[in-house]
Structure formats: C-alpha cells, structure tokens
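Here is final-v2.csv, consisting of CSV, C-alpha atoms and all ligand atoms:
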chain,number,residue,atom,x,y,z
A,1,MET,CA,71.7,38.6,25.1
A,2,ALA,CA,72.3,42.3,25.9
A,3,HIS,CA,72.0,44.8,23.0
A,4,ARG,CA,75.2,46.8,22.5
A,5,VAL,CA,74.3,50.5,21.9
A,6,THR,CA,76.7,53.4,21.5
A,7,LEU,CA,76.3,56.0,24.1
A,8,ILE,CA,77.5,59.6,23.4
A,9,PRO,CA,77.0,61.5,26.6
A,10,GLY,CA,78.0,64.9,24.9
A,11,ASP,CA,78.5,68.3,26.5
A,12,GLY,CA,76.9,70.5,29.1
A,13,ILE,CA,73.9,68.8,30.6
A,14,GLY,CA,74.5,65.8,28.3
A,15,PRO,CA,76.4,63.5,30.7
A,16,GLU,CA,73.8,63.8,33.6
A,17,LEU,CA,70.9,63.3,31.1
A,18,ALA,CA,72.7,60.3,29.7
A,19,GLU,CA,73.2,58.8,33.1
A,20,ALA,CA,69.5,59.3,34.0
A,21,THR,CA,68.3,57.9,30.7
A,22,THR,CA,70.5,54.8,30.7
A,23,ARG,CA,69.3,54.0,34.2
A,24,VAL,CA,65.7,54.3,33.0
A,25,LEU,CA,66.4,52.1,29.9
A,26,ASP,CA,68.2,49.5,32.0
A,27,ALA,CA,65.1,49.4,34.2
A,28,THR,CA,62.9,48.3,31.2
A,29,GLY,CA,64.6,44.9,31.6
A,30,ILE,CA,65.5,44.7,27.9
A,31,GLY,CA,69.3,44.5,28.6
A,32,PHE,CA,71.8,46.9,27.2
A,33,GLU,CA,75.5,47.0,27.0
A,34,TRP,CA,76.4,50.7,26.7
A,35,GLU,CA,79.5,51.4,24.7
A,36,SER,CA,80.3,54.9,25.9
A,37,VAL,CA,82.3,57.1,23.6
A,38,GLN,CA,83.3,60.8,23.9
A,39,ALA,CA,82.6,63.6,21.4
A,40,GLY,CA,82.4,67.4,21.7
A,41,GLU,CA,84.4,69.8,23.9
A,42,ALA,CA,86.3,67.0,25.8
A,43,THR,CA,87.7,65.4,22.6
A,44,ILE,CA,88.5,68.8,21.0
A,45,ALA,CA,90.9,69.2,24.0
A,46,THR,CA,92.4,65.6,23.7
A,47,THR,CA,92.2,64.7,20.0
A,48,GLY,CA,91.7,68.0,18.3
A,49,SER,CA,88.4,66.9,16.9
A,50,PRO,CA,84.8,67.2,18.2
A,51,LEU,CA,83.9,64.0,16.4
A,52,PRO,CA,86.8,61.5,16.6
A,53,ASP,CA,86.7,58.5,14.2
A,54,ASN,CA,86.1,56.0,17.0
A,55,VAL,CA,82.7,57.6,17.5
A,56,LEU,CA,81.6,57.1,13.9
A,57,GLU,CA,83.1,53.6,13.9
A,58,SER,CA,81.2,52.7,17.1
A,59,VAL,CA,77.8,53.9,15.7
A,60,ALA,CA,78.5,52.2,12.4
A,61,ARG,CA,79.3,48.9,14.2
A,62,ASN,CA,76.4,49.0,16.7
A,63,LYS,CA,73.9,50.6,14.3
A,64,VAL,CA,72.1,52.3,17.2
A,65,ALA,CA,73.3,55.1,19.4
A,66,LEU,CA,71.8,57.2,22.2
A,67,LYS,CA,73.3,60.7,22.2
A,68,GLY,CA,73.3,63.8,24.4
A,69,PRO,CA,73.7,67.3,23.0
A,70,ILE,CA,77.1,68.6,21.8
A,71,THR,CA,78.1,72.2,22.0
A,72,THR,CA,78.8,74.0,18.7
A,73,PRO,CA,80.7,77.2,18.8
A,74,VAL,CA,78.7,80.0,17.3
A,75,GLY,CA,80.1,82.0,14.4
A,76,ALA,CA,83.6,80.4,14.3
A,77,GLY,CA,85.5,77.3,15.2
A,78,PHE,CA,84.6,73.7,14.5
A,79,ARG,CA,81.9,72.6,12.2
A,80,SER,CA,78.9,71.2,14.1
A,81,ALA,CA,79.7,67.6,15.2
A,82,ASN,CA,75.9,66.9,15.1
A,83,VAL,CA,75.7,67.9,11.4
A,84,THR,CA,78.9,65.9,10.6
A,85,LEU,CA,77.6,62.8,12.4
A,86,ARG,CA,74.3,62.9,10.5
A,87,GLN,CA,76.0,63.5,7.1
A,88,LYS,CA,78.8,60.9,7.6
A,89,LEU,CA,76.4,58.2,8.7
A,90,GLY,CA,73.8,59.0,6.1
A,91,LEU,CA,71.2,59.7,8.8
A,92,TYR,CA,68.9,61.4,6.4
A,93,ALA,CA,65.7,61.5,8.3
A,94,ASN,CA,65.2,63.6,11.5
A,95,LEU,CA,62.0,62.5,13.3
A,96,ARG,CA,60.8,64.8,16.0
A,97,PRO,CA,57.4,64.1,17.5
A,98,ALA,CA,55.6,66.8,19.5
A,99,ARG,CA,52.7,65.5,21.5
A,100,SER,CA,50.8,67.2,24.4
A,101,MET,CA,51.1,65.7,27.9
A,102,ARG,CA,48.7,66.1,30.8
A,103,GLY,CA,50.1,68.2,33.6
A,104,LEU,CA,52.0,70.6,31.4
A,105,ASP,CA,51.0,74.3,31.3
A,106,THR,CA,50.6,74.8,27.5
A,107,ARG,CA,48.3,76.8,25.3
A,108,TYR,CA,46.9,73.7,23.6
A,109,GLU,CA,45.9,70.3,25.0
A,110,ASN,CA,45.6,68.0,22.0
A,111,VAL,CA,48.7,68.7,19.9
A,112,ASP,CA,50.0,65.5,18.1
A,113,LEU,CA,52.5,66.5,15.4
A,114,VAL,CA,55.4,64.6,13.8
A,115,ILE,CA,58.1,66.6,12.2
A,116,VAL,CA,60.1,64.8,9.5
A,117,ARG,CA,63.1,67.0,8.7
A,118,GLU,CA,65.6,66.3,5.8
A,119,ASN,CA,68.9,66.0,7.6
A,120,THR,CA,71.7,66.0,5.0
A,121,GLU,CA,71.5,69.0,2.7
A,122,ASP,CA,69.9,72.5,2.3
A,123,LEU,CA,71.9,75.3,4.0
A,124,TYR,CA,73.4,72.7,6.4
A,125,ALA,CA,75.6,71.4,3.5
A,126,GLY,CA,78.1,73.9,5.1
A,127,ILE,CA,79.2,75.4,1.8
A,128,GLU,CA,79.9,79.0,2.8
A,129,HIS,CA,82.5,81.5,1.7
A,130,MET,CA,83.4,85.2,2.0
A,131,VAL,CA,83.0,87.3,-1.2
A,132,GLY,CA,85.5,89.9,-0.4
A,133,PRO,CA,85.8,91.2,3.2
A,134,ASP,CA,82.2,92.5,3.6
A,135,ALA,CA,79.9,89.9,2.1
A,136,ALA,CA,79.3,86.2,2.7
A,137,GLU,CA,77.6,83.5,0.6
A,138,SER,CA,76.0,80.3,1.8
A,139,ILE,CA,74.9,77.8,-0.7
A,140,LYS,CA,71.6,76.0,-0.4
A,141,ILE,CA,71.6,72.5,-1.9
A,142,ILE,CA,68.4,70.8,-2.6
A,143,THR,CA,68.4,67.6,-4.7
A,144,ARG,CA,65.6,65.5,-6.1
A,145,ALA,CA,67.0,62.3,-4.7
A,146,ALA,CA,67.2,63.6,-1.1
A,147,SER,CA,63.8,65.3,-1.3
A,148,GLU,CA,62.1,62.3,-2.7
A,149,ARG,CA,63.8,60.1,-0.1
A,150,ILE,CA,62.6,62.2,2.8
A,151,ALA,CA,59.1,62.5,1.4
A,152,ARG,CA,58.9,58.7,1.0
A,153,PHE,CA,60.1,58.4,4.6
A,154,ALA,CA,57.3,60.8,5.8
A,155,PHE,CA,54.6,58.9,3.9
A,156,GLU,CA,55.9,55.5,5.0
A,157,TYR,CA,55.9,56.8,8.6
A,158,ALA,CA,52.4,58.0,8.2
A,159,VAL,CA,51.2,54.6,6.9
A,160,ALA,CA,53.0,52.6,9.5
A,161,ASN,CA,51.8,54.8,12.4
A,162,GLY,CA,48.1,55.3,11.4
A,163,ARG,CA,48.5,58.9,10.5
A,164,HIS,CA,46.2,60.5,7.9
A,165,LYS,CA,48.0,63.5,6.4
A,166,VAL,CA,51.4,64.8,5.3
A,167,THR,CA,52.0,68.5,4.8
A,168,ALA,CA,55.1,69.6,2.8
A,169,VAL,CA,56.5,72.9,4.1
A,170,HIS,CA,58.6,75.2,1.8
A,171,LYS,CA,59.2,78.7,0.5
A,172,ALA,CA,58.8,77.8,-3.2
A,173,ASN,CA,57.1,81.2,-3.9
A,174,ILE,CA,60.5,82.9,-3.4
A,175,MET,CA,63.1,80.1,-3.9
A,176,LYS,CA,61.4,78.8,-7.0
A,177,LEU,CA,64.2,76.4,-8.0
A,178,SER,CA,65.5,74.9,-4.8
A,179,ASP,CA,62.3,74.9,-2.7
A,180,GLY,CA,60.4,74.4,-5.9
A,181,LEU,CA,62.3,71.1,-6.5
A,182,PHE,CA,61.6,70.1,-2.9
A,183,LEU,CA,57.8,70.7,-3.3
A,184,GLU,CA,57.8,69.0,-6.7
A,185,SER,CA,59.5,65.9,-5.2
A,186,CYS,CA,57.0,65.7,-2.4
A,187,ARG,CA,54.1,65.9,-4.9
A,188,THR,CA,55.7,63.1,-7.0
A,189,ILE,CA,55.9,60.8,-3.9
A,190,ALA,CA,52.5,61.8,-2.6
A,191,ALA,CA,50.9,60.5,-5.9
A,192,ASP,CA,52.0,56.9,-4.8
A,193,TYR,CA,49.8,57.3,-1.6
A,194,THR,CA,46.7,58.8,-3.2
A,195,GLY,CA,43.6,57.5,-1.4
A,196,ARG,CA,45.6,56.4,1.6
A,197,ILE,CA,47.4,59.5,3.0
A,198,GLU,CA,46.2,63.0,2.3
A,199,PHE,CA,48.7,65.5,1.0
A,200,GLU,CA,48.9,69.3,1.1
A,201,ASP,CA,51.6,72.0,1.2
A,202,ARG,CA,52.1,75.2,3.1
A,203,ILE,CA,54.5,78.1,2.7
A,204,VAL,CA,56.8,78.1,5.8
A,205,ASP,CA,55.8,81.5,7.2
A,206,ASN,CA,52.1,80.7,6.9
A,207,MET,CA,52.8,77.3,8.4
A,208,CYS,CA,54.3,78.9,11.5
A,209,MET,CA,51.3,81.1,11.9
A,210,GLN,CA,48.9,78.2,11.4
A,211,LEU,CA,50.8,76.0,14.0
A,212,VAL,CA,50.5,78.6,16.7
A,213,GLN,CA,46.8,79.2,16.0
A,214,LYS,CA,45.4,75.8,15.1
A,215,PRO,CA,48.0,73.0,15.5
A,216,GLU,CA,45.2,70.4,15.6
A,217,LEU,CA,44.8,70.8,11.8
A,218,TYR,CA,48.2,69.2,11.2
A,219,ASP,CA,49.6,65.7,11.4
A,220,VAL,CA,52.9,64.8,9.8
A,221,LEU,CA,55.0,67.7,8.4
A,222,VAL,CA,57.9,67.1,6.0
A,223,LEU,CA,60.5,69.9,5.6
A,224,PRO,CA,63.9,70.7,4.3
A,225,ASN,CA,66.7,70.9,6.9
A,226,LEU,CA,66.6,74.5,8.0
A,227,TYR,CA,62.8,75.0,8.2
A,228,GLY,CA,62.6,71.6,9.9
A,229,ASP,CA,65.0,72.7,12.6
A,230,ILE,CA,63.1,75.9,13.3
A,231,VAL,CA,59.6,74.5,13.1
A,232,SER,CA,60.5,71.6,15.3
A,233,ASP,CA,61.5,74.0,18.1
A,234,LEU,CA,58.3,75.9,17.5
A,235,CYS,CA,56.3,72.6,17.9
A,236,ALA,CA,58.4,71.7,21.0
A,237,GLY,CA,57.2,75.0,22.5
A,238,LEU,CA,53.6,74.1,21.8
A,239,VAL,CA,53.8,71.0,23.9
A,240,GLY,CA,55.8,72.2,26.9
A,241,GLY,CA,59.3,73.2,25.7
A,242,LEU,CA,62.6,71.8,24.8
A,243,GLY,CA,62.9,69.7,28.0
A,244,VAL,CA,60.2,67.3,26.7
A,245,ALA,CA,61.0,67.1,22.9
A,246,PRO,CA,62.6,63.9,21.7
A,247,GLY,CA,64.2,63.1,18.4
A,248,ALA,CA,65.7,60.4,16.1
A,249,ASN,CA,68.1,60.6,13.2
A,250,ILE,CA,67.5,57.6,11.0
A,251,GLY,CA,69.4,56.3,8.0
A,252,PRO,CA,69.5,53.0,6.1
A,253,ASP,CA,72.4,51.6,8.1
A,254,ALA,CA,72.2,53.3,11.5
A,255,ALA,CA,70.1,55.4,13.8
A,256,VAL,CA,71.0,58.0,16.5
A,257,PHE,CA,68.5,59.0,19.1
A,258,GLU,CA,68.9,62.4,20.8
A,259,PRO,CA,66.8,65.2,22.3
A,260,VAL,CA,65.9,68.2,20.2
A,261,HIS,CA,67.5,70.6,22.8
A,262,GLY,CA,71.2,71.6,23.1
A,263,SER,CA,73.7,71.4,25.8
A,264,ALA,CA,72.3,74.2,28.0
A,265,PRO,CA,75.7,74.9,29.5
A,266,LYS,CA,74.4,77.2,32.2
A,267,TYR,CA,72.7,74.2,33.9
A,268,ALA,CA,75.6,71.7,33.4
A,269,GLY,CA,76.4,69.6,36.5
A,270,MET,CA,73.6,71.1,38.5
A,271,ASP,CA,71.3,68.1,38.5
A,272,LYS,CA,68.6,70.5,37.3
A,273,ALA,CA,67.9,69.8,33.6
A,274,ASN,CA,64.9,67.8,32.5
A,275,PRO,CA,65.8,64.3,31.2
A,276,THR,CA,62.4,63.8,29.6
A,277,ALA,CA,63.5,64.6,26.1
A,278,MET,CA,66.4,62.2,26.2
A,279,ILE,CA,64.3,59.5,28.0
A,280,LEU,CA,61.6,59.8,25.3
A,281,SER,CA,64.3,59.7,22.6
A,282,GLY,CA,65.2,56.4,24.3
A,283,ALA,CA,61.6,55.3,23.9
A,284,LEU,CA,61.9,56.1,20.2
A,285,MET,CA,65.0,53.9,20.2
A,286,LEU,CA,63.2,51.0,21.8
A,287,ARG,CA,60.5,51.2,19.1
A,288,HIS,CA,63.2,51.3,16.4
A,289,MET,CA,64.8,48.2,18.0
A,290,GLY,CA,61.6,46.2,17.9
A,291,TYR,CA,60.3,46.7,21.4
A,292,PRO,CA,57.1,48.7,20.8
A,293,GLU,CA,55.4,47.5,24.0
A,294,HIS,CA,58.4,48.5,26.2
A,295,ALA,CA,58.5,51.9,24.4
A,296,THR,CA,54.8,52.5,25.1
A,297,ARG,CA,55.2,51.4,28.7
A,298,LEU,CA,58.1,53.8,29.1
A,299,GLU,CA,56.3,56.7,27.5
A,300,ALA,CA,53.3,56.0,29.8
A,301,ALA,CA,55.6,56.1,32.8
A,302,VAL,CA,57.0,59.4,31.8
A,303,ARG,CA,53.6,60.8,31.1
A,304,ASP,CA,52.2,59.6,34.5
A,305,VAL,CA,55.1,61.2,36.4
A,306,ILE,CA,54.5,64.5,34.6
A,307,ALA,CA,50.7,64.3,35.0
A,308,GLU,CA,51.1,63.7,38.7
A,309,GLY,CA,53.3,66.8,39.0
A,310,VAL,CA,55.1,65.7,42.1
A,311,ALA,CA,58.6,64.9,40.8
A,312,THR,CA,59.0,67.3,37.9
A,313,THR,CA,62.0,69.5,37.1
A,314,TYR,CA,62.3,73.3,37.2
A,315,ASP,CA,61.2,73.9,33.6
A,316,LEU,CA,57.9,72.2,34.3
A,317,GLY,CA,57.3,74.1,37.5
A,318,GLY,CA,58.7,71.5,39.9
A,319,SER,CA,61.8,71.3,42.0
A,320,THR,CA,63.0,67.7,41.5
A,321,GLY,CA,66.4,67.2,39.9
A,322,THR,CA,67.5,65.2,36.9
A,323,ALA,CA,68.3,62.0,38.8
A,324,GLY,CA,65.1,62.3,41.0
A,325,PHE,CA,62.9,62.5,37.9
A,326,ALA,CA,64.6,59.4,36.5
A,327,ASP,CA,64.0,57.6,39.9
A,328,ALA,CA,60.3,58.5,39.7
A,329,VAL,CA,60.0,57.2,36.1
A,330,ILE,CA,61.8,53.9,37.2
A,331,ALA,CA,59.4,53.5,40.1
A,332,ARG,CA,56.5,54.1,37.8
A,333,LEU,CA,57.7,51.6,35.1
A,334,GLY,CA,56.5,48.7,37.3
A,335,THR,CA,52.9,50.1,37.3
A,336,ALA,CA,52.6,51.9,34.0
A,337,GLY,CA,49.9,51.0,31.5
A,338,VAL,CA,50.9,48.4,29.0
A,339,ALA,CA,52.6,45.2,30.0
A,340,GLY,CA,56.0,44.7,28.4
A,401,LIG,P1,69.7,74.8,24.4
A,401,LIG,O1,68.7,73.8,23.9
A,401,LIG,O2,71.0,74.1,24.9
A,401,LIG,O3,69.1,75.7,25.6
A,401,LIG,C1,68.2,76.6,25.4
A,401,LIG,C2,67.4,76.8,26.7
A,401,LIG,O4,66.4,75.8,26.8
A,401,LIG,C3,68.3,76.5,28.0
A,401,LIG,O5,68.9,77.7,28.4
A,401,LIG,C4,67.2,76.0,28.9
A,401,LIG,O6,66.5,77.1,29.5
A,401,LIG,C5,66.3,75.2,28.1
A,401,LIG,N1,66.6,73.8,28.1
A,401,LIG,C6,67.2,73.1,27.1
A,401,LIG,N2,67.2,71.8,27.4
A,401,LIG,C7,66.7,71.7,28.6
A,401,LIG,C8,66.4,70.6,29.5
A,401,LIG,N3,66.8,69.3,29.2
A,401,LIG,N4,65.8,70.8,30.7
A,401,LIG,C9,65.4,72.0,31.0
A,401,LIG,N5,65.6,73.1,30.2
A,401,LIG,C10,66.2,73.0,29.0
A,401,LIG,O7,70.0,75.8,23.2
A,401,LIG,P2,71.2,76.8,23.0
A,401,LIG,O8,71.5,77.5,24.2
A,401,LIG,O9,70.8,77.5,21.7
A,401,LIG,O10,72.4,75.9,22.6
A,401,LIG,C11,73.5,75.5,23.5
A,401,LIG,C12,74.5,74.7,22.7
A,401,LIG,O11,73.9,73.4,22.3
A,401,LIG,C13,75.0,75.3,21.5
A,401,LIG,O12,76.4,75.1,21.4
A,401,LIG,C14,74.3,74.6,20.3
A,401,LIG,O13,75.0,74.5,19.2
A,401,LIG,C15,74.1,73.2,20.9
A,401,LIG,N6,73.0,72.4,20.4
A,401,LIG,C16,73.3,71.1,20.2
A,401,LIG,C17,72.3,70.3,19.7
A,401,LIG,C18,72.6,68.8,19.5
A,401,LIG,O14,73.6,68.3,20.1
A,401,LIG,N7,71.8,68.0,18.8
A,401,LIG,C19,71.0,70.8,19.4
A,401,LIG,C20,70.8,72.2,19.6
A,401,LIG,C21,71.8,72.9,20.1
Is it possible to give me this structure as structure tokens?
Amino acid sequence: MAHRVTLIPGDGIGPELAEATTRVLDATGIGFEWESVQAGEATIATTGSPLPDNVLESVARNKVALKGPITTPVGAGFRSANVTLRQKLGLYANLRPARSMRGLDTRYENVDLVIVRENTEDLYAGIEHMVGPDAAESIKIITRAASERIARFAFEYAVANGRHKVTAVHKANIMKLSDGLFLESCRTIAADYTGRIEFEDRIVDNMCMQLVQKPELYDVLVLPNLYGDIVSDLCAGLVGGLGVAPGANIGPDAAVFEPVHGSAPKYAGMDKANPTAMILSGALMLRHMGYPEHATRLEAAVRDVIAEGVATTYDLGGSTGTAGFADAVIARLGTAGVAG
C-alpha cells in the first residue's frame, strides 16, 4: 500500500526541487501517494494566507510531510509560514545534520555534526511591539518544559544513533535567566545519561569560533531556536553550503522534512538550484518512516553522484540542472551501496 505524504512545494526554487525529490523518492520503490497542497506566495494571492488551514489539516492527517522553502517577507507583512507551521503542529525539534561529502571543495573533510534546534519558542515566539515610535521590543521566551524536552530529544537521538557527546550552546553569561534556564534544563536531562553520553556546554560566540577552527571536536549540538538557526547555517557552510544541508521538524504527532535553505527567488524556474538538500531531507523522512536501508541507499546514491563530480549543480562547481542531478541519483540508486 502506498504511503500518503503531504507535499508542500513552496515558493521560488521549491516546486522544481519538490518535483526532482519526489521523482527520486518514487524511484526507491517504497510507494508514495503525494498529497500536494499549496502554501506561501501563491496562497496569499488566492486565500489571503500563506498557510491555509487545509495545509495544516493535511499534515496532521498524514503525519508526514515533505516541504520546499516558503518565502517570508523581510521586516513587514505576514508572519513566517514556516514558524507558524512548526508551532501549530508542535514540531518542537529541528534536526539538521551536517556531514562532509567526498567531491565537495570544503575546508574540512571529516565534519559530522548534528544540530538539534528548539523550534517553538525563544525570540521566534513572535512577541514584538513598538515602544513609542523609535524603539522596539522583542520578547525572548525560554521555558523549562520546552528546554528539557529538546535536551531529552538530543540525548535520545545520540543514544539511538551511536553518538557520544551532546554540547549545549547558550549565552547564559549575559542572559542569566533565559539562557541560564536553558542550560540548567540541559544539565538536568544530561544527568540521566551519565556514563552513556558525554555532556558539555559552550557559549555561542565561542562555539562559532570553535566550529570553524576544529569542528571535529563536536558531535551533537543542542541549541535554543535563534542560535540553532544561525549555527546550522554555519555548519552547512562547513560541509559544502546550503545546497546540501537537509533538515527535519519533528513533533510527537507529525514530522515535516525540509531543506535548511530558503526559496532563493533569483534562481526560481531556471532548473539551476541544487536539489541535494531536499533529497537528503527525503532520506531523513525515509528513516523516520521506518525505511533505514532505503534511506542509507539513497544517501549513498547522492554521495556517489557528488563524489563523481560529473552531474553536479552550479553551486558545487558543475553545470547540470536540478532535473539532471535527480536523473543521475535515480540512475545511481540501482547500484548504490546497501541493498534496500
Ligand atoms: P536562501 O537560502 O533562499 O538563499 C541564499 C543563497 O543560497 C541563494 O541566493 C543561493 O545562492 C544559495 N542557495 C540556497 N539554496 C540553494 C540551492 N538549493 N541550490 C543552490 N544554491 C542555493 O536564503 P535567503 O535569500 O536569505 O532567503 C530567501 C527566502 O527564503 C526568504 O524569504 C526567507 O525568509 C525564506 N526562507 C525560507 C526557509 C524555509 O522555508 N524553511 C528557510 C530559510 C529562508
């Protein structure tokens, strides 16, 4: 029986990446029925909302979604549909692995980091107001419940995936109450894993410096929402850029898989953008759905195509288009490493 999965193609380069990714996922032989729903710029024009109710209903019903990027106006206009989607569906954990691949021109060869970002609160709670005409206030919310929940997720991920260390990232030297509570919550949860998973913490500015100098010292990082967003782009840069960085938003009732990158409007409709990040997000989805061998096989196919360097997109120094890269991955799936 085919698995019904919600597909949100999104804006900008999203639709062409979604097309490439669903073709690749169909080629795994698992069997998907894609329930395609629109969100973003197109639905602002037709329904007045970037995230119509039928999108939330579809994800809640199918429990799994594959999503392209959605454009968010900067400075004014609608609240981010991405943030609203994560908050409304309780997708509290944002998982963003950053792993080196052969064939990419990067500063390091053996980066293997996993970012676990809290997805529901912090400055993304969206509580902002003007204080008179010339000052603005943005409220940072950190709760013990959400901090302990994300720390538990990071430790459980470490246990389940053979990882050895969790590093909590914060600025508790300055924000002694909010980031202090985040750190204290991580320490509380870490105590349950003593002897199994190592625990340490880093101040976020030092963490950034350490990551660009010696990323090999780190393993799983757990961060509040804003630092998690910034540090995951930094880590994407360490392993070849946004074009190859996948992500997952996971909650108790549903999960949405999407690339780290945005809608890159200047490349929309040009068959130019790299679909790797969305395809690898699809591999995370396969693992989540209970198909770990298929996921490993798909990741191996992507890695092989990139290592070979013949059918890569512009950002990796090649001249193949979005669809052509997907074709190369599909051709490779038959011969890639692990049997499915
Ligand atoms: P972006 O990630 O869209 O693009 C930044 C640059 O990265 C691009 O100009 C391009 O050079 C490169 N890039 C990104 N994806 C690529 C790909 N697949 N292949 C090759 N190169 C790629 O970031 P931005 O310009 O800051 O944001 C554009 C829009 O996307 C904004 O409206 C932003 O709010 C939105 N956004 C959405 C999400 C999401 O839907 N989850 C995430 C981030 C940004």
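Here the question is which of A:Glu118, A:Glu109, A:Glu216, A:Glu308 gets nearest to Ala154 in chain A using only C-alpha atoms, and that residue is A:Glu118.
Of the listed residues A:Thr43, A:Gln213, A:Thr71, A:Gln87, the one whose atoms come nearest to Val111 in chain A is A:Gln213, with distances taken using all atoms listed in the file.
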Test item: residues no farther than 8 Å from ligand LIG 401 (chain A), counting all atoms listed in the file, as a PyMOL selection string: chain A and resi 10+12-13+17+67-74+80-82+241-244+258-267+272-278+313-315
Selected residue, from A:Thr106, A:Thr28, A:Thr21, A:Asn225, that lies nearest to Ile142 in chain A when counting only C-alpha atoms: A:Asn225
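Nearest to Thr320 in chain A of all the residues A:Gly29, A:Ile115, A:Asp271, A:Lys88 is A:Asp271, counting only C-alpha atoms.
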Residue list as a PyMOL selection string for point (52.5, 65.8, 13.8), cut-off 6 Å, only C-alpha atoms: chain A and resi 112-115+219-220
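Going from CA of Val64 in chain A to CA of Asn249 in chain A covers 10.0 Å.
If you count only C-alpha atoms and ignore residues fewer than 5 places along the chain from Ser49 in chain A, what sits within 12 Å of it is Gln38, Ala39, Gly40, Glu41, Ala42, Thr43, Ile44, Asn54, Val55, Gly77, Phe78, Arg79, Ser80, Ala81 and Thr84 of chain A.
If you measure from each of A:Asp192, A:Glu148, A:Glu198, A:Asp122 to Asp179 in chain A using all atoms listed in the file, the closest one turns out to be A:Asp122.
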CA of Val116 in chain A to CA of Asp233 in chain A, straight-line distance in Å: 12.7 Å
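Compared by their closest atoms to Ala168 in chain A, and using all atoms listed in the file, the residues A:Ala301, A:Leu316, A:Leu223, A:Ala307 rank with A:Leu223 nearest.
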Distance in Å - CA of Arg163 in chain A versus CA of Ala65 in chain A: 26.6 Å
Contact residues around Phe325 in chain A with all atoms listed in the file at 10 Å, ignoring same-chain residues under 2 positions, as a ChimeraX atom specification: /A:20,24,272-276,302,305-306,310-313,319-323,327-331
Residues within 9 Å of range 124-129 of chain A, all atoms listed in the file, excluding chain neighbours under 2 positions, as a JSON list (two decimals) with C-alpha atoms, in the coordinates of the input:
[["chain", "number", "residue", "atom", "x", "y", "z"],
["A", 79, "ARG", "CA", 81.90, 72.60, 12.20],
["A", 83, "VAL", "CA", 75.70, 67.90, 11.40],
["A", 87, "GLN", "CA", 76.00, 63.50, 7.10],
["A", 119, "ASN", "CA", 68.90, 66.00, 7.60],
["A", 120, "THR", "CA", 71.70, 66.00, 5.00],
["A", 121, "GLU", "CA", 71.50, 69.00, 2.70],
["A", 122, "ASP", "CA", 69.90, 72.50, 2.30],
["A", 131, "VAL", "CA", 83.00, 87.30, -1.20],
["A", 135, "ALA", "CA", 79.90, 89.90, 2.10],
["A", 136, "ALA", "CA", 79.30, 86.20, 2.70],
["A", 137, "GLU", "CA", 77.60, 83.50, 0.60],
["A", 138, "SER", "CA", 76.00, 80.30, 1.80],
["A", 139, "ILE", "CA", 74.90, 77.80, -0.70],
["A", 140, "LYS", "CA", 71.60, 76.00, -0.40],
["A", 141, "ILE", "CA", 71.60, 72.50, -1.90],
["A", 225, "ASN", "CA", 66.70, 70.90, 6.90],
["A", 226, "LEU", "CA", 66.60, 74.50, 8.00]]
